[in-house]
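**Q** Shown below is the structure under consideration.
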Amino acid sequence: MALNLLAPVSERITIHTQAQTLQTDDGTKVDLDYAFAEYQVSDEVTLRLGKVKHPFGIYTEVFTVGTLRPFIDLPQGFYGPVGFAGQAYNGAGITGSARSGEWTANYDVYGGGYTLEKFRVPEELYHGSSLQDVSQEIEVESTRNVIGGRVVLHTPVRGLSVGSSAYTGILDEPAANRRTVVAAQFDYRSNAWTLQSEVAYEDQVNDERAAGGYVQTAYRLTSEWQVAAQYDYLQNRFNGVSAAAAPSLQFHREGAVALNYWVSRSMVVKLEYHHVNGNRFAMPHPEDLVATLDAGRLRTVTHLVQFGAQFAF
Amino acid sequence: MHGSPRARFGALASTIALAAVLMAARSSELLAQTGFLVIVNHANPVTSLTASELSRVFLHTQATWPSGARAQPVDQGELSNVRRRFSDDVHRMDVPSVQEYWQEVVFSGRGAPPPQRASDDEVIAYVRTHPNAVGYVAVTAVTNDVKVVLLAR
């Protein structure tokens, strides 16, 4: 559950905040999604300062809003805990747009630091750590001295845009390796159709590389019923690790279909089937993983059925 | 394929008439306004807007008038017929798609939708009392309290 507040201080200055409560194994947790001040210089230039949503790709800024996507979760090969994008940066940025005729370019540039969540099990396994000691599967990774940006070009075709995002920074750890991520996006939306695709490439010097992406489409049969299909993938390469060592832990390939019933644009019920090939995310509990691998019982294919309701108001 | 001379003449006349109507519509550069008129405050010097300019103002991707003053769009309720027509003609999106657009803007921390008023009378009252406001109302609802703006393609 998230609470979004917007406070106009003056005609040009606005304060934005959003907090959310999450149910975790440790109980209820309250997270500050963002809190920043914004000063609009002109239509073309707006300054932002604080904890700001990370402008990266199509969905990073609306990561938690289930009514803005056709599937319950965002495509894991791009938006999963893979290390492509954090949800917010701490720092300063400039956002705005420039227009020429029927073309509009929206841009963001920013600097500061951010944290992101990453599923750590394959790295721990490949680097020889004991999986028995893995107390948390999701690692929070900090990056500092980040500079980055995003440009989205809206074409004269209503609903069609293309864009690119990129950033680079230094990992906040003793080795201080540089992380660089680049991504490209395609987005088409009409009243009935949605067609989107994104690809990303990450390079962590002396550590790992990752390439991921997805294509998804959705079609509204009526104002209530919608069907959707999606394919996403991720491929990791860890330095110093043979691809022969449990290769399925290094990739994720997923196909999915969904049938959605929209009560309104603010509430949707979703039923979906996912066929997952690979164990980058779909795997036994870390404590059971080694035994499963040793016994040769690690299945590379996972079938998943999800049913749920999402709302936003 | 081989109709009588009278039938063929009739078809030719219809084609010419249709072409004449299309040319007239194009030369006047007027967008077909089916059931609504765009209104501004009498103090606003704007006399005409293109549909894409108006759409940008209502979607907050254009914040100011040519004079530099901050535009203050006012929407009608989401279930109103005039809102549906405005959305189809000006945004070229249906009302639910516009709602989805605003969800994305709000939850990404990039703004808030224009205020809504429940009736034509309330929109006229808002525009009358806000010098930089722009709204839309049913054709039959317009009064002398506001100025009608020409909507061009």
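Numbering starts fresh at 1 for the residues of each chain in the structure tokens, the chains themselves are lettered A, B, ... in the order given, and ligands are numbered from 1 as they appear.
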Taking 5 positions as the minimum chain separation for residues in the same chain, which residues sit within 6 Å of Ala183 in chain A when counting only C-alpha atoms? Answer as a ChimeraX atom specification.

**A** /A:164-165,199-200

**Q** At a cut-off of 10 Å, using only C-alpha atoms, what residues contact Ala184 in chain A? Leave out same-chain residues fewer than 6 positions from it and give the result as a PyMOL selection string.

**A** chain A and resi 56-58+150-152+162-166+197-201+213

**Q** Keeping only C-alpha atoms, write those residues as an mmCIF file, in the first residue's frame.

**A**
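Now in result-v3.cif:
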data_model
loop_
_atom_site.group_PDB
_atom_site.id
_atom_site.type_symbol
_atom_site.label_atom_id
_atom_site.label_comp_id
_atom_site.auth_asym_id
_atom_site.auth_seq_id
_atom_site.Cartn_x
_atom_site.Cartn_y
_atom_site.Cartn_z
ATOM 1 C CA PHE A 56 15.360 4.522 -16.275
ATOM 2 C CA GLY A 57 13.316 2.699 -18.904
ATOM 3 C CA ILE A 58 9.541 2.630 -19.135
ATOM 4 C CA ARG A 150 17.282 9.182 -20.165
ATOM 5 C CA VAL A 151 15.845 10.512 -23.417
ATOM 6 C CA VAL A 152 12.405 9.506 -24.685
ATOM 7 C CA VAL A 162 11.381 5.284 -28.394
ATOM 8 C CA GLY A 163 14.134 6.044 -25.940
ATOM 9 C CA SER A 164 17.366 5.213 -24.242
ATOM 10 C CA SER A 165 18.664 5.273 -20.646
ATOM 11 C CA ALA A 166 22.163 4.969 -19.269
ATOM 12 C CA SER A 197 10.030 -3.808 -25.572
ATOM 13 C CA GLU A 198 13.175 -2.958 -23.635
ATOM 14 C CA VAL A 199 16.714 -4.288 -23.641
ATOM 15 C CA ALA A 200 19.539 -3.576 -21.188
ATOM 16 C CA TYR A 201 23.206 -4.379 -20.829
ATOM 17 C CA GLY A 213 15.144 -7.627 -22.102
#

**Q** Mind giving me the straight-line distance from CA of Leu234 in chain A to CA of Arg253 in chain A in Å, one decimal?

**A**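 Those two atoms sit 6.6 Å apart.
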
**Q** Which of these, A:Gln310, A:Asn177, A:Asn191, A:Ser100, has the shortest distance to chain B once you count only C-alpha atoms?

**A**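 Answer, going by the shortest atom-to-atom distance: A:Asn191.
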
**Q** Quick check: residues of chain A within 8 Å of chain B, only C-alpha atoms, returned as a PyMOL selection string.

**A** chain A and resi 4+6+16-17+43+53+61-62+65+68+158+190-191+265

**Q** Using C-alpha atoms, can you export the residues from the last selection as a CSV table (one decimal), in the first residue's frame?

**A**
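File produced: out-v2.csv:
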chain,number,residue,atom,x,y,z
A,4,ASN,CA,1.4,9.6,-2.6
A,6,LEU,CA,2.1,16.3,-3.7
A,16,HIS,CA,6.6,15.2,-3.9
A,17,THR,CA,6.6,12.3,-1.4
A,43,ASP,CA,8.4,24.0,-19.8
A,53,LYS,CA,12.4,8.2,-8.7
A,61,GLU,CA,9.2,5.2,-11.9
A,62,VAL,CA,6.0,3.3,-11.6
A,65,VAL,CA,1.8,0.4,-9.7
A,68,LEU,CA,-0.1,0.4,-15.3
A,158,ARG,CA,0.1,9.1,-31.2
A,190,SER,CA,-3.4,3.0,-28.3
A,191,ASN,CA,-6.9,2.7,-26.7
A,265,ARG,CA,-8.7,1.6,-14.8

**Q** List every residue of range 24-139 of chain A that DSSP, applied to the backbone, labels as alpha helix (DSSP H), and write the result as an NGL selection string.

**A** :A and (76-79 or 121-126)

**Q** How would you write, as a PDB file with C-alpha atoms, in the first residue's frame, the set of residues in range 54-153 of chain B that DSSP gives as strand (DSSP E or B)?

**A**
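Contents of selection-v1.pdb, freshly written:
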ATOM      1  CA  THR B  64       2.175  28.102 -20.333  1.00  0.00           C
ATOM      2  CA  ARG B  70       0.678  29.587 -16.610  1.00  0.00           C
ATOM      3  CA  GLN B  72      -4.991  26.483 -15.925  1.00  0.00           C
ATOM      4  CA  PRO B  73      -6.980  23.747 -17.687  1.00  0.00           C
ATOM      5  CA  ASP B  75     -11.652  19.094 -16.943  1.00  0.00           C
ATOM      6  CA  GLN B  76     -15.185  17.760 -16.834  1.00  0.00           C
ATOM      7  CA  GLN B 116     -12.440  18.608 -12.472  1.00  0.00           C
ATOM      8  CA  ARG B 117     -15.821  20.293 -12.399  1.00  0.00           C
ATOM      9  CA  ALA B 133      -8.083  29.026 -17.363  1.00  0.00           C
ATOM     10  CA  VAL B 134      -9.230  26.949 -20.332  1.00  0.00           C
ATOM     11  CA  GLY B 135     -12.152  24.546 -20.367  1.00  0.00           C
ATOM     12  CA  TYR B 136     -14.685  22.925 -22.636  1.00  0.00           C
ATOM     13  CA  VAL B 137     -18.452  22.769 -22.429  1.00  0.00           C
ATOM     14  CA  ALA B 138     -21.415  21.554 -24.443  1.00  0.00           C
ATOM     15  CA  LYS B 147     -14.781  33.555 -24.666  1.00  0.00           C
ATOM     16  CA  VAL B 148     -15.025  30.767 -27.236  1.00  0.00           C
ATOM     17  CA  VAL B 149     -11.725  29.752 -28.811  1.00  0.00           C
ATOM     18  CA  LEU B 150     -11.450  28.476 -32.373  1.00  0.00           C
ATOM     19  CA  LEU B 151     -10.148  24.911 -32.470  1.00  0.00           C
ATOM     20  CA  ALA B 152      -8.010  24.385 -35.554  1.00  0.00           C
TER      21      ALA B 152
END

**Q** Which residues are close to Asp172 in chain A, i.e. within 12 Å by only C-alpha atoms, leaving aside same-chain residues fewer than 4 positions away? Reply as a list in words.

**A** Gly113, Tyr114, Thr115, Leu116, Val140, Glu141, Ser142, Thr143, Arg144, Asn145, Val146, Ala176, Asn177, Arg178 and Arg179 of chain A

**Q** Let's have the selection written as a PDB file, in the first residue's frame, with C-alpha atoms.

**A**
ATOM      1  CA  GLY A 113      23.942   7.763  -5.572  1.00  0.00           C
ATOM      2  CA  TYR A 114      21.399   4.988  -5.353  1.00  0.00           C
ATOM      3  CA  THR A 115      20.733   1.496  -4.047  1.00  0.00           C
ATOM      4  CA  LEU A 116      19.249  -1.444  -5.892  1.00  0.00           C
ATOM      5  CA  VAL A 140      20.979  -4.359  -1.379  1.00  0.00           C
ATOM      6  CA  GLU A 141      23.808  -2.893  -3.421  1.00  0.00           C
ATOM      7  CA  SER A 142      24.865   0.771  -3.268  1.00  0.00           C
ATOM      8  CA  THR A 143      26.388   2.734  -6.117  1.00  0.00           C
ATOM      9  CA  ARG A 144      27.918   6.181  -5.636  1.00  0.00           C
ATOM     10  CA  ASN A 145      29.180   8.960  -7.907  1.00  0.00           C
ATOM     11  CA  VAL A 146      26.429   8.109 -10.337  1.00  0.00           C
ATOM     12  CA  ALA A 176      35.073  -0.086  -5.893  1.00  0.00           C
ATOM     13  CA  ASN A 177      34.363  -1.517  -9.328  1.00  0.00           C
ATOM     14  CA  ARG A 178      32.574   0.615 -11.881  1.00  0.00           C
ATOM     15  CA  ARG A 179      29.048  -0.336 -12.916  1.00  0.00           C
TER      16      ARG A 179
END

**Q** Counting only C-alpha atoms, figure out which residue out of B:Glu122, B:Trp65, B:Thr129, B:Ser87 gets nearest to Thr47 in chain B.

**A**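 Residue with the minimum atom-to-atom distance to Thr47 in chain B: B:Trp65.
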
**Q** Please determine, counting only C-alpha atoms, which residue among A:Gly101, A:Leu49, A:Ala35, A:Val82 has the shortest atom-to-atom distance to Glu139 in chain A.

**A**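 Of all the options, A:Val82 lies closest to Glu139 in chain A.
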